[in-house]
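Worksheet: one structure, shown below.
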Amino acid sequence: MGGGGGPTDADWAAAVAAVRGLPADARVLLICHVNPDGDALGSMLGFALGLRRLGFHHLQATFPGPPGAPEPFRWLPGIELLVPPGDVYPEPDLVVCFDAASESRLGDLADRLATAGTSLVLDHHASNTGFGGINLVDPHAAATSVVALGLLDRLGVTLDAAMATGLYVALTTDTGSFRFEATTPAVHEMAARLLATGIRPGDISRRVFDTRPFGAVRLFGEVLGRATLEPAAAAGHGLVWTYATRDDLTRHGQPAYVLEALIDSVRCTAEADVSCVVKQSGEAEWAVSLRSKGAVDVSRVAVGLGGGGHRFAAGFTGRGPLDEVVASIRDALPSNVLPPNS
């Protein structure tokens, strides 16, 4: 489905029918991608609370990997619906997937797509493979929460502050607090709807963006201190990159998720269009985050290396020595430079 124009009226109708056709005691499993960010968790939990409002009470929310949400999101309304991946329904009546562009992003939970009565995918990645039974994929949406709210509206769910909190966290996360190119008038209109429920944006921003342990501050300082600038990379548009190892995390006593925010400190480098953070996730495995200011389509870079994402924000899993992973990125950049004014 990648690169399409968004859900059709038939897609929306099929999704509404799939939910409305369930009995009240249906088992609904909601899954978001591995290493969930604010959009993945916020969209999933906000939508789950909407399903509860519709009368569904056999709800489970989960994601692959170690159980427990990252610290910045553990306060989200609906967090009590999270269950470890090993405890989820083996044969749910409905599976709803959030913010995952492919089955691989669901890890071992991807098998629930086959055992579920119906599978529904809500996403906004242009690289989405269309792996669901019903796909609501809008590559023009600023966040998956935009799609989630669109379905809640069509289901006749009235927003409350609990639902709005998750959806707002999702929207602010993927728009960089309304700083990124995806911020449109429609984004601000959605934010206004969510704020009208009484949620407190200042409190939410402090919890999500402006709070981290001192150990993480020290870790960021060390990792930023080894950043490398390559002005000639990307056909002269420039690349800045750095890396973090598992030993770095252990030395500073920090969990892996704290590194998700590091890319924002790297991407501000004036001399580079492309920024990259390479985070060790295994013995010879690296989680790679890519950002572009507009000269390079990093989604195409990531897809070519086995990942996916958006034009100016993408990622993939690299395998092998660090220098080879960085070399693969460097080699892919020139062919993905965008034409001027594109």
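Here's how to read the names in the structure tokens: chain A, B, ... by the order shown, residue numbers from 1 in each chain, ligand numbers from 1 in the order shown.
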List every residue of segment 156-259 of chain A that has an atom at most 6 Å from any atom of segment 275-278 of chain A, and for each one report the closest atom pair and its distance in Å to one decimal, counting only C-alpha atoms, with rows sorted by chain and then by increasing residue number, as CSV.
```
residue,atom,partner,partner_atom,distance
A:Leu239,CA,A:Ser275,CA,5.7
A:Val240,CA,A:Ser275,CA,4.9
A:Trp241,CA,A:Cys276,CA,4.5
A:Thr242,CA,A:Val277,CA,5.2
A:Tyr243,CA,A:Val278,CA,4.5
```
Discussion item. Which residues are near Leu338 of chain A? Cut-off 8 Å, only C-alpha atoms, ignore same chain within fewer than 4 positions. Put them as a count of residues only.
Written reply: 5
Margin query: Excluding Leu59 of chain A and its own-chain neighbours fewer than 3 positions away, which residues fall within 10 Å of it when counting only C-alpha atoms? Please give them as a ChimeraX atom specification.
Written below: /A:25-30,48-49,51-52,56,81-83,88-89,92,94
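Summary of the local environment: counting only C-alpha atoms, residues at most 8 Å from Asp138 of chain A, other than itself and those fewer than 4 positions away along its chain, are A:Gly4, A:Gly5, A:Gly6, A:Pro7, A:Asp123, A:His124, A:His125, A:Ala126, A:Val147.
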Which of segment 123-235 of chain A fall in strand (DSSP E), as a list in words =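 For segment 123-235 of chain A, the strand (DSSP E) set is Asp123, Ile134, Asn135, Leu136, Val137, Thr228, Leu229 and Glu230 of chain A.
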Now that the selection is made, can you save its residues with all heavy atoms as a CSV table (one decimal), in the first residue's frame?
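That gives us part_16.csv:
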```
chain,number,residue,atom,x,y,z
A,123,ASP,N,-2.0,3.4,10.4
A,123,ASP,CA,-0.6,3.8,10.2
A,123,ASP,C,-0.6,5.0,9.3
A,123,ASP,O,-1.5,5.4,8.7
A,123,ASP,CB,0.2,2.6,9.6
A,123,ASP,CG,1.7,2.9,9.6
A,123,ASP,OD1,2.2,3.6,10.4
A,123,ASP,OD2,2.3,2.4,8.6
A,134,ILE,N,-7.6,-5.2,6.9
A,134,ILE,CA,-8.2,-3.9,6.5
A,134,ILE,C,-7.1,-2.9,6.9
A,134,ILE,O,-6.6,-2.9,8.0
A,134,ILE,CB,-9.4,-3.6,7.3
A,134,ILE,CG1,-10.5,-4.7,7.1
A,134,ILE,CG2,-10.0,-2.2,7.0
A,134,ILE,CD1,-11.7,-4.6,8.1
A,135,ASN,N,-6.7,-2.1,5.9
A,135,ASN,CA,-5.6,-1.1,6.1
A,135,ASN,C,-6.1,0.3,6.0
A,135,ASN,O,-6.7,0.8,5.0
A,135,ASN,CB,-4.6,-1.3,5.0
A,135,ASN,CG,-3.9,-2.7,5.1
A,135,ASN,OD1,-3.1,-2.9,6.0
A,135,ASN,ND2,-4.3,-3.6,4.1
A,136,LEU,N,-5.9,1.0,7.1
A,136,LEU,CA,-6.2,2.5,7.2
A,136,LEU,C,-4.8,3.1,7.2
A,136,LEU,O,-4.3,3.4,8.3
A,136,LEU,CB,-7.0,2.8,8.4
A,136,LEU,CG,-8.5,2.2,8.4
A,136,LEU,CD1,-9.2,2.7,9.7
A,136,LEU,CD2,-9.3,2.6,7.2
A,137,VAL,N,-4.2,3.4,6.1
A,137,VAL,CA,-2.9,3.9,6.0
A,137,VAL,C,-2.9,5.2,5.3
A,137,VAL,O,-3.3,5.3,4.1
A,137,VAL,CB,-1.9,2.9,5.3
A,137,VAL,CG1,-0.5,3.5,5.3
A,137,VAL,CG2,-1.9,1.6,6.0
A,228,THR,N,30.4,12.9,14.8
A,228,THR,CA,31.3,13.2,13.6
A,228,THR,C,30.6,13.9,12.5
A,228,THR,O,29.4,13.5,12.2
A,228,THR,CB,31.8,11.8,13.1
A,228,THR,OG1,32.5,11.1,14.1
A,228,THR,CG2,32.7,12.0,11.9
A,229,LEU,N,31.2,15.0,12.0
A,229,LEU,CA,30.6,15.7,10.9
A,229,LEU,C,31.3,15.4,9.6
A,229,LEU,O,32.6,15.5,9.6
A,229,LEU,CB,30.7,17.2,11.2
A,229,LEU,CG,30.2,18.2,10.1
A,229,LEU,CD1,28.7,18.0,9.9
A,229,LEU,CD2,30.6,19.6,10.5
A,230,GLU,N,30.6,15.1,8.6
A,230,GLU,CA,31.1,14.8,7.3
A,230,GLU,C,30.5,15.8,6.3
A,230,GLU,O,29.5,15.4,5.7
A,230,GLU,CB,30.9,13.4,6.9
A,230,GLU,CG,31.5,12.4,7.9
A,230,GLU,CD,31.3,10.9,7.4
A,230,GLU,OE1,31.1,10.7,6.2
A,230,GLU,OE2,31.4,10.0,8.3
```
ask   = Pick from A:Leu41, A:Ala232, A:Leu171, A:Leu224: nearest to Ala69 of chain A, with only C-alpha atoms counted?
value =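 Once distances to Ala69 of chain A are computed over only C-alpha atoms, the minimum belongs to A:Leu41.
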Tyr168 of chain A proximity check over A:Asp203, A:Asp9, A:Asp93, A:Glu271, using only C-alpha atoms: winner is A:Asp203
6 Å contact set for segment 302-313 of chain A, only C-alpha atoms, chain neighbours under 6 positions out, as a compact mmCIF listing (two decimals) with N, CA and C atoms, in the first residue's frame:
```
# COMPACT_ATOMS: atom_id res chain seq x y z
N HIS A 125 2.79 5.58 7.62
CA HIS A 125 4.07 5.45 6.91
C HIS A 125 3.83 5.17 5.42
N SER A 127 5.80 3.83 3.54
CA SER A 127 6.41 2.53 3.23
C SER A 127 5.59 1.35 3.72
N LEU A 290 17.41 8.05 11.40
CA LEU A 290 17.84 8.99 10.37
C LEU A 290 16.88 10.18 10.31
N ARG A 291 17.44 11.36 10.13
CA ARG A 291 16.63 12.56 9.94
C ARG A 291 17.21 13.38 8.80
N SER A 292 16.36 14.12 8.09
CA SER A 292 16.79 15.02 7.03
C SER A 292 16.09 16.35 7.18
```
